[in-house]
$ cat coords.cif   # mmCIF, N, CA and C atoms
data_protein
loop_
_atom_site.label_atom_id
_atom_site.label_comp_id
_atom_site.auth_asym_id
_atom_site.auth_seq_id
_atom_site.Cartn_x
_atom_site.Cartn_y
_atom_site.Cartn_z
N MET W 1083 86.65 87.19 109.96
CA MET W 1083 87.57 86.98 108.87
C MET W 1083 88.97 86.88 109.43
N SER W 1084 89.65 85.83 109.06
CA SER W 1084 91.06 85.75 109.42
C SER W 1084 91.87 86.27 108.23
N LEU W 1085 93.15 86.12 108.30
CA LEU W 1085 93.98 86.57 107.18
C LEU W 1085 93.77 85.69 105.97
N ASP W 1086 93.82 86.29 104.81
CA ASP W 1086 93.73 85.56 103.54
C ASP W 1086 95.15 85.17 103.14
N VAL W 1087 95.57 84.00 103.60
CA VAL W 1087 96.95 83.55 103.45
C VAL W 1087 97.11 82.81 102.13
N SER W 1088 98.05 83.27 101.33
CA SER W 1088 98.32 82.62 100.04
C SER W 1088 98.95 81.25 100.28
N PRO W 1089 98.81 80.35 99.32
CA PRO W 1089 99.45 79.04 99.45
C PRO W 1089 100.98 79.16 99.62
N ALA W 1090 101.59 80.12 98.95
CA ALA W 1090 103.04 80.29 99.06
C ALA W 1090 103.45 80.72 100.47
N LEU W 1091 102.68 81.63 101.06
CA LEU W 1091 103.00 82.09 102.41
C LEU W 1091 102.75 80.98 103.42
N LEU W 1092 101.70 80.23 103.23
CA LEU W 1092 101.43 79.10 104.11
C LEU W 1092 102.55 78.07 104.00
N GLU W 1093 103.03 77.84 102.81
CA GLU W 1093 104.14 76.91 102.59
C GLU W 1093 105.39 77.39 103.32
N GLN W 1094 105.65 78.69 103.27
CA GLN W 1094 106.79 79.24 104.01
C GLN W 1094 106.66 78.94 105.50
N ALA W 1095 105.47 79.18 106.03
CA ALA W 1095 105.24 78.95 107.46
C ALA W 1095 105.41 77.48 107.81
N GLU W 1096 104.97 76.60 106.94
CA GLU W 1096 105.12 75.16 107.19
C GLU W 1096 106.58 74.74 107.19
N ARG W 1097 107.42 75.44 106.40
CA ARG W 1097 108.86 75.15 106.36
C ARG W 1097 109.58 75.77 107.56
N GLY W 1098 108.93 76.74 108.20
CA GLY W 1098 109.52 77.35 109.38
C GLY W 1098 110.08 78.74 109.14
N GLU W 1099 110.21 79.15 107.90
CA GLU W 1099 110.74 80.47 107.59
C GLU W 1099 109.65 81.31 106.95
N VAL W 1100 109.43 82.50 107.48
CA VAL W 1100 108.41 83.38 106.91
C VAL W 1100 109.05 84.74 106.64
N ASP W 1101 108.89 85.19 105.42
CA ASP W 1101 109.36 86.51 105.03
C ASP W 1101 108.40 87.54 105.61
N GLU W 1102 108.91 88.41 106.48
CA GLU W 1102 108.01 89.37 107.15
C GLU W 1102 107.36 90.31 106.16
N ALA W 1103 108.06 90.70 105.10
CA ALA W 1103 107.46 91.58 104.09
C ALA W 1103 106.26 90.91 103.44
N ALA W 1104 106.34 89.61 103.21
CA ALA W 1104 105.21 88.87 102.63
C ALA W 1104 104.06 88.81 103.63
N PHE W 1105 104.40 88.65 104.91
CA PHE W 1105 103.36 88.65 105.94
C PHE W 1105 102.67 90.01 106.02
N VAL W 1106 103.44 91.08 105.98
CA VAL W 1106 102.87 92.43 106.02
C VAL W 1106 101.97 92.65 104.81
N ASP W 1107 102.38 92.16 103.65
CA ASP W 1107 101.55 92.27 102.46
C ASP W 1107 100.23 91.50 102.64
N CYS W 1108 100.31 90.35 103.28
CA CYS W 1108 99.11 89.56 103.58
C CYS W 1108 98.17 90.34 104.49
N VAL W 1109 98.72 91.01 105.49
CA VAL W 1109 97.92 91.83 106.40
C VAL W 1109 97.28 92.98 105.63
N ARG W 1110 98.06 93.65 104.79
CA ARG W 1110 97.55 94.78 104.00
C ARG W 1110 96.36 94.35 103.15
N ASN W 1111 96.46 93.19 102.52
CA ASN W 1111 95.38 92.71 101.65
C ASN W 1111 94.19 92.14 102.42
N SER W 1112 94.46 91.55 103.58
CA SER W 1112 93.39 90.91 104.35
C SER W 1112 92.62 91.87 105.24
N LEU W 1113 93.29 92.91 105.71
CA LEU W 1113 92.68 93.85 106.65
C LEU W 1113 92.80 95.28 106.12
N PRO W 1114 92.16 95.56 104.99
CA PRO W 1114 92.36 96.87 104.34
C PRO W 1114 91.91 98.07 105.17
N TYR W 1115 90.85 97.93 105.95
CA TYR W 1115 90.41 99.07 106.77
C TYR W 1115 91.47 99.37 107.84
N ALA W 1116 91.91 98.34 108.53
CA ALA W 1116 92.92 98.54 109.57
C ALA W 1116 94.21 99.09 108.97
N TRP W 1117 94.61 98.53 107.83
CA TRP W 1117 95.82 99.01 107.16
C TRP W 1117 95.69 100.49 106.79
N GLY W 1118 94.56 100.85 106.22
CA GLY W 1118 94.34 102.24 105.82
C GLY W 1118 94.34 103.17 107.02
N MET W 1119 93.73 102.75 108.11
CA MET W 1119 93.68 103.57 109.31
C MET W 1119 95.09 103.82 109.83
N ILE W 1120 95.86 102.76 109.97
CA ILE W 1120 97.21 102.90 110.51
C ILE W 1120 98.09 103.69 109.54
N SER W 1121 97.98 103.40 108.25
CA SER W 1121 98.77 104.14 107.24
C SER W 1121 98.49 105.63 107.30
N SER W 1122 97.22 105.98 107.41
CA SER W 1122 96.86 107.41 107.43
C SER W 1122 97.36 108.08 108.70
N LEU W 1123 97.33 107.37 109.82
CA LEU W 1123 97.85 107.96 111.06
C LEU W 1123 99.35 108.13 111.01
N VAL W 1124 100.05 107.18 110.41
CA VAL W 1124 101.51 107.31 110.25
C VAL W 1124 101.82 108.52 109.38
N ALA W 1125 101.09 108.68 108.28
CA ALA W 1125 101.29 109.84 107.40
C ALA W 1125 100.99 111.14 108.14
N GLN W 1126 99.92 111.15 108.91
CA GLN W 1126 99.56 112.34 109.69
C GLN W 1126 100.66 112.69 110.68
N LEU W 1127 101.21 111.68 111.35
CA LEU W 1127 102.28 111.91 112.32
C LEU W 1127 103.51 112.51 111.63
N LYS W 1128 103.83 111.99 110.45
CA LYS W 1128 105.00 112.50 109.72
C LYS W 1128 104.79 113.94 109.26
N VAL W 1129 103.59 114.26 108.83
CA VAL W 1129 103.30 115.61 108.34
C VAL W 1129 103.18 116.60 109.49
N ASP W 1130 102.39 116.24 110.50
CA ASP W 1130 102.10 117.16 111.60
C ASP W 1130 103.17 117.17 112.68
N GLY W 1131 103.92 116.07 112.80
CA GLY W 1131 104.87 115.97 113.90
C GLY W 1131 104.12 115.76 115.20
N GLY W 1132 104.70 116.14 116.28
CA GLY W 1132 104.04 115.99 117.57
C GLY W 1132 104.34 114.66 118.23
N GLU W 1133 103.68 114.46 119.36
CA GLU W 1133 103.94 113.27 120.15
C GLU W 1133 103.23 112.03 119.63
N PHE W 1134 102.07 112.21 118.97
CA PHE W 1134 101.33 111.06 118.45
C PHE W 1134 100.24 111.55 117.50
N ALA W 1135 99.67 110.61 116.77
CA ALA W 1135 98.49 110.86 115.94
C ALA W 1135 97.49 109.78 116.29
N ASP W 1136 96.21 110.16 116.38
CA ASP W 1136 95.21 109.15 116.74
C ASP W 1136 93.92 109.37 115.98
N ASN W 1137 93.13 108.32 115.96
CA ASN W 1137 91.81 108.32 115.33
C ASN W 1137 90.76 108.27 116.44
N GLN W 1138 89.74 109.12 116.34
CA GLN W 1138 88.67 109.09 117.32
C GLN W 1138 87.31 108.84 116.67
N THR W 1139 87.31 108.49 115.40
CA THR W 1139 86.07 108.22 114.68
C THR W 1139 85.80 106.72 114.67
N PRO W 1140 84.66 106.29 115.16
CA PRO W 1140 84.35 104.85 115.15
C PRO W 1140 84.35 104.29 113.72
N PRO W 1141 84.69 103.02 113.57
CA PRO W 1141 84.65 102.38 112.26
C PRO W 1141 83.24 102.44 111.67
N PRO W 1142 83.12 102.40 110.35
CA PRO W 1142 81.82 102.53 109.71
C PRO W 1142 80.89 101.33 109.90
N ASP W 1143 81.46 100.16 110.20
CA ASP W 1143 80.64 98.96 110.35
C ASP W 1143 81.39 97.92 111.18
N GLU W 1144 80.72 96.81 111.45
CA GLU W 1144 81.32 95.76 112.28
C GLU W 1144 82.49 95.08 111.60
N GLN W 1145 82.46 94.98 110.28
CA GLN W 1145 83.59 94.36 109.57
C GLN W 1145 84.85 95.20 109.79
N ALA W 1146 84.74 96.50 109.65
CA ALA W 1146 85.88 97.39 109.85
C ALA W 1146 86.35 97.32 111.31
N ARG W 1147 85.43 97.32 112.23
CA ARG W 1147 85.77 97.22 113.66
C ARG W 1147 86.54 95.92 113.92
N GLY W 1148 86.06 94.83 113.33
CA GLY W 1148 86.71 93.55 113.49
C GLY W 1148 88.13 93.55 112.95
N GLN W 1149 88.34 94.26 111.85
CA GLN W 1149 89.69 94.34 111.29
C GLN W 1149 90.65 95.05 112.27
N LEU W 1150 90.19 96.13 112.87
CA LEU W 1150 91.04 96.83 113.84
C LEU W 1150 91.35 95.93 115.03
N LEU W 1151 90.32 95.23 115.51
CA LEU W 1151 90.54 94.34 116.65
C LEU W 1151 91.53 93.23 116.30
N ARG W 1152 91.40 92.63 115.13
CA ARG W 1152 92.32 91.57 114.73
C ARG W 1152 93.74 92.10 114.58
N ALA W 1153 93.89 93.24 113.96
CA ALA W 1153 95.22 93.79 113.72
C ALA W 1153 95.93 94.15 115.03
N LEU W 1154 95.19 94.72 115.96
CA LEU W 1154 95.84 95.21 117.17
C LEU W 1154 95.84 94.21 118.31
N ALA W 1155 95.00 93.20 118.25
CA ALA W 1155 94.98 92.18 119.30
C ALA W 1155 95.98 91.06 119.03
N SER W 1156 96.42 90.92 117.81
CA SER W 1156 97.39 89.88 117.47
C SER W 1156 98.80 90.42 117.68
N ASP W 1157 99.56 89.77 118.53
CA ASP W 1157 100.93 90.21 118.76
C ASP W 1157 101.75 90.16 117.47
N ALA W 1158 101.55 89.11 116.66
CA ALA W 1158 102.32 88.97 115.42
C ALA W 1158 101.99 90.08 114.44
N ILE W 1159 100.70 90.35 114.25
CA ILE W 1159 100.29 91.39 113.30
C ILE W 1159 100.71 92.76 113.81
N ARG W 1160 100.41 93.03 115.05
CA ARG W 1160 100.75 94.34 115.62
C ARG W 1160 102.25 94.59 115.56
N GLY W 1161 103.04 93.61 115.95
CA GLY W 1161 104.49 93.75 115.92
C GLY W 1161 105.02 93.98 114.51
N SER W 1162 104.47 93.26 113.55
CA SER W 1162 104.90 93.44 112.16
C SER W 1162 104.54 94.83 111.65
N LEU W 1163 103.35 95.31 112.00
CA LEU W 1163 102.95 96.65 111.59
C LEU W 1163 103.84 97.71 112.23
N GLU W 1164 104.17 97.52 113.49
CA GLU W 1164 105.05 98.48 114.15
C GLU W 1164 106.43 98.51 113.49
N ARG W 1165 106.96 97.36 113.17
CA ARG W 1165 108.27 97.31 112.51
C ARG W 1165 108.19 97.88 111.10
N HIS W 1166 107.13 97.55 110.37
CA HIS W 1166 106.98 98.02 109.00
C HIS W 1166 106.91 99.55 108.94
N PHE W 1167 106.09 100.14 109.80
CA PHE W 1167 105.88 101.58 109.78
C PHE W 1167 106.87 102.35 110.66
N GLY W 1168 107.62 101.65 111.51
CA GLY W 1168 108.57 102.32 112.38
C GLY W 1168 107.91 103.17 113.45
N VAL W 1169 106.84 102.65 114.03
CA VAL W 1169 106.09 103.36 115.08
C VAL W 1169 105.73 102.38 116.20
N ARG W 1170 105.20 102.94 117.27
CA ARG W 1170 104.57 102.13 118.31
C ARG W 1170 103.08 102.36 118.20
N LEU W 1171 102.30 101.31 118.29
CA LEU W 1171 100.85 101.40 118.20
C LEU W 1171 100.23 101.31 119.59
N ALA W 1172 99.17 102.06 119.79
CA ALA W 1172 98.39 101.99 121.02
C ALA W 1172 96.92 101.92 120.63
N PHE W 1173 96.10 101.34 121.51
CA PHE W 1173 94.71 101.06 121.16
C PHE W 1173 93.83 101.22 122.38
N GLN W 1174 92.74 101.97 122.23
CA GLN W 1174 91.73 102.09 123.28
C GLN W 1174 90.37 101.82 122.66
N ASN W 1175 89.49 101.25 123.45
CA ASN W 1175 88.12 100.96 123.01
C ASN W 1175 88.13 100.14 121.73
N CYS W 1176 87.17 100.40 120.87
CA CYS W 1176 87.05 99.61 119.65
C CYS W 1176 87.56 100.36 118.43
N HIS W 1177 88.07 101.56 118.64
CA HIS W 1177 88.43 102.35 117.46
C HIS W 1177 89.57 103.33 117.66
N ARG W 1178 89.90 103.68 118.86
CA ARG W 1178 90.90 104.72 119.05
C ARG W 1178 92.30 104.14 118.92
N VAL W 1179 92.81 104.22 117.72
CA VAL W 1179 94.15 103.77 117.40
C VAL W 1179 95.06 104.99 117.44
N ALA W 1180 96.25 104.83 118.00
CA ALA W 1180 97.22 105.91 118.02
C ALA W 1180 98.57 105.37 117.57
N VAL W 1181 99.32 106.20 116.88
CA VAL W 1181 100.69 105.87 116.51
C VAL W 1181 101.63 106.85 117.19
N PHE W 1182 102.68 106.31 117.75
CA PHE W 1182 103.70 107.09 118.44
C PHE W 1182 105.04 106.84 117.76
N PRO W 1183 105.85 107.88 117.62
CA PRO W 1183 107.16 107.67 117.01
C PRO W 1183 108.05 106.83 117.93
N LEU W 1184 109.05 106.22 117.33
CA LEU W 1184 110.03 105.47 118.11
C LEU W 1184 111.05 106.47 118.67
N ASP W 1185 110.62 107.18 119.68
CA ASP W 1185 111.44 108.23 120.26
C ASP W 1185 111.18 108.24 121.76
N PRO W 1186 112.22 108.05 122.57
CA PRO W 1186 112.03 108.03 124.02
C PRO W 1186 111.41 109.32 124.57
N VAL W 1187 111.49 110.41 123.82
CA VAL W 1187 110.92 111.68 124.26
C VAL W 1187 109.42 111.56 124.49
N VAL W 1188 108.74 110.67 123.75
CA VAL W 1188 107.28 110.55 123.88
C VAL W 1188 106.86 109.40 124.80
N ASP W 1189 107.81 108.77 125.47
CA ASP W 1189 107.48 107.64 126.34
C ASP W 1189 106.45 108.02 127.41
N ASP W 1190 106.59 109.20 128.00
CA ASP W 1190 105.62 109.62 129.02
C ASP W 1190 104.23 109.78 128.43
N ARG W 1191 104.14 110.35 127.23
CA ARG W 1191 102.84 110.54 126.57
C ARG W 1191 102.21 109.19 126.24
N LEU W 1192 103.01 108.25 125.76
CA LEU W 1192 102.52 106.89 125.47
C LEU W 1192 102.04 106.24 126.77
N ALA W 1193 102.79 106.40 127.84
CA ALA W 1193 102.38 105.81 129.12
C ALA W 1193 101.05 106.40 129.59
N ARG W 1194 100.85 107.70 129.41
CA ARG W 1194 99.57 108.31 129.80
C ARG W 1194 98.44 107.78 128.92
N PHE W 1195 98.69 107.65 127.62
CA PHE W 1195 97.66 107.17 126.69
C PHE W 1195 97.23 105.75 127.04
N THR W 1196 98.18 104.91 127.41
CA THR W 1196 97.88 103.49 127.67
C THR W 1196 97.62 103.19 129.14
N SER W 1197 97.53 104.23 129.96
CA SER W 1197 97.31 104.02 131.39
C SER W 1197 95.85 103.68 131.69
N ILE W 1198 95.63 103.20 132.89
CA ILE W 1198 94.26 102.95 133.36
C ILE W 1198 93.47 104.25 133.32
N ARG W 1199 94.08 105.33 133.78
CA ARG W 1199 93.41 106.63 133.76
C ARG W 1199 93.02 107.02 132.34
N GLY W 1200 93.96 106.85 131.41
CA GLY W 1200 93.68 107.18 130.01
C GLY W 1200 92.53 106.35 129.47
N GLN W 1201 92.50 105.10 129.83
CA GLN W 1201 91.41 104.23 129.37
C GLN W 1201 90.07 104.71 129.93
N LEU W 1202 90.04 105.01 131.21
CA LEU W 1202 88.79 105.46 131.83
C LEU W 1202 88.31 106.78 131.25
N LEU W 1203 89.22 107.70 130.98
CA LEU W 1203 88.84 108.99 130.44
C LEU W 1203 88.36 108.91 128.99
N ASN W 1204 88.63 107.80 128.34
CA ASN W 1204 88.21 107.63 126.93
C ASN W 1204 86.90 106.85 126.82
N GLN W 1205 86.17 106.71 127.90
CA GLN W 1205 84.90 105.97 127.86
C GLN W 1205 83.75 106.90 127.57
N SER W 1206 82.71 106.34 126.95
CA SER W 1206 81.48 107.09 126.73
C SER W 1206 80.35 106.08 126.54
N PRO W 1207 79.13 106.47 126.86
CA PRO W 1207 77.99 105.55 126.70
C PRO W 1207 77.82 105.08 125.25
N GLU W 1208 78.17 105.92 124.28
CA GLU W 1208 78.01 105.53 122.86
C GLU W 1208 78.93 104.36 122.50
N LEU W 1209 80.01 104.20 123.22
CA LEU W 1209 80.98 103.16 122.88
C LEU W 1209 80.83 101.91 123.74
N ARG W 1210 79.82 101.87 124.58
CA ARG W 1210 79.69 100.76 125.51
C ARG W 1210 79.61 99.41 124.81
N ASP W 1211 78.92 99.32 123.69
CA ASP W 1211 78.74 98.04 123.01
C ASP W 1211 79.63 97.87 121.78
N CYS W 1212 80.68 98.64 121.71
CA CYS W 1212 81.52 98.51 120.51
C CYS W 1212 82.49 97.36 120.67
#
$ encode --input "coords.cif" --output "structure tokens"
Amino acid sequence: MSLDVSPALLEQAERGEVDEAAFVDCVRNSLPYAWGMISSLVAQLKVDGGEFADNQTPPPDEQARGQLLRALASDAIRGSLERHFGVRLAFQNCHRVAVFPLDPVVDDRLARFTSIRGQLLNQSPELRDC
């Protein structure tokens, strides 16, 4: 599934100007699982504080997994989500999404999370085919 782009938003893109808020709304409506995951992590980060909030529960099905992959693999979608929520997003495997505050204090933690070592330590046989 790609984004469900309204005729009005497509018309904006054809003219060359796209309202980012309208694009974010398109993402919210097209990728509800990914949106909900990221929204809940942002809320968790705000409530709990700390260096980051992450999800370690695999998506319930392939459709949900696909939504996470589309949201985080697209530079345009990922960048818009980061700007909308005011966070930095990180992604490991097929489900481990993390949100980090826009604060240089957590740069080292983000670097560890996104490092080769961090990726290797987050592997498991159950996730091999995700």
$ residues_around --input "coords.cif" --residues "Ser1121 in chain W" --least-positions-apart "6" --cutoff "8 Å" --atoms "all atoms listed in the file" --output "PDB file with N, CA and C atoms, in the frame of the given file"
ATOM      1  N   TYR W1115      90.850  97.930 105.950  1.00  0.00           N
ATOM      2  CA  TYR W1115      90.410  99.070 106.770  1.00  0.00           C
ATOM      3  C   TYR W1115      91.470  99.370 107.840  1.00  0.00           C
ATOM      4  N   LEU W1127     101.210 111.680 111.350  1.00  0.00           N
ATOM      5  CA  LEU W1127     102.280 111.910 112.320  1.00  0.00           C
ATOM      6  C   LEU W1127     103.510 112.510 111.630  1.00  0.00           C
ATOM      7  N   PHE W1167     106.090 100.140 109.800  1.00  0.00           N
ATOM      8  CA  PHE W1167     105.880 101.580 109.780  1.00  0.00           C
ATOM      9  C   PHE W1167     106.870 102.350 110.660  1.00  0.00           C
TER      10      PHE W1167
END
$ select_by_dssp --input "coords.cif" --residues "range 1089-1200 of chain W" --states "helix (DSSP H, G or I)" --output "MDAnalysis selection string"
chainID W and resid 1089:1097 1102:1112 1114:1130 1144:1155 1157:1167 1186:1195 1198:1200
$ atom_distance --input "coords.cif" --atom1 "atom N of Glu1102 in chain W" --atom2 "CA of Ser1088 in chain W"
13.7 Å
$ closest_residue --input "coords.cif" --among "W:Arg1170, W:Arg1178, W:Arg1194, W:Arg1147" --to "Pro1114 in chain W" --atoms "only C-alpha atoms"
W:Arg1147
$ atom_distance --input "coords.cif" --atom1 "CA of Leu1092 in chain W" --atom2 "CA of Ser1112 in chain W"
14.3 Å
$ closest_residue --input "coords.cif" --among "W:Phe1173, W:Phe1134, W:Arg1160, W:Leu1154" --to "Arg1191 in chain W" --atoms "only N, CA and C atoms"
W:Phe1134
$ axis_aligned_box --input "coords.cif" --around "range 1138-1155 of chain W" --padding-each-side "5 Å" --output "AutoDock Vina command-line options"
--center_x 88.3 --center_y 100.1 --center_z 114.4 --size_x 25.3 --size_y 28.1 --size_z 19.7
$ atom_distance --input "coords.cif" --atom1 "atom C of Phe1195 in chain W" --atom2 "atom N of Ala1146 in chain W"
23.3 Å
$ closest_residue --input "coords.cif" --among "W:Val1124, W:Leu1163, W:Val1169, W:Val1109" --to "Pro1183 in chain W" --atoms "only N, CA and C atoms"
W:Val1169
$ resolve_selection --input "coords.cif" --expression "the PyMOL selection byres ((chain W and resi 1182) around 8)" --output "ChimeraX atom specification"
/W:1123-1124,1127,1132-1136,1168-1172,1179-1181,1183-1185,1188,1192
$ resolve_selection --input "coords.cif" --expression "the PyMOL selection byres (((chain W and resi 1139 and name CA) around 8) and name CA)" --output "compact mmCIF listing (two decimals) with N, CA and C atoms, keeping the file's coordinate frame"
# COMPACT_ATOMS: atom_id res chain seq x y z
N ASN W 1137 93.13 108.32 115.96
CA ASN W 1137 91.81 108.32 115.33
C ASN W 1137 90.76 108.27 116.44
N GLN W 1138 89.74 109.12 116.34
CA GLN W 1138 88.67 109.09 117.32
C GLN W 1138 87.31 108.84 116.67
N PRO W 1140 84.66 106.29 115.16
CA PRO W 1140 84.35 104.85 115.15
C PRO W 1140 84.35 104.29 113.72
N PRO W 1141 84.69 103.02 113.57
CA PRO W 1141 84.65 102.38 112.26
C PRO W 1141 83.24 102.44 111.67
N HIS W 1177 88.07 101.56 118.64
CA HIS W 1177 88.43 102.35 117.46
C HIS W 1177 89.57 103.33 117.66
N ARG W 1178 89.90 103.68 118.86
CA ARG W 1178 90.90 104.72 119.05
C ARG W 1178 92.30 104.14 118.92
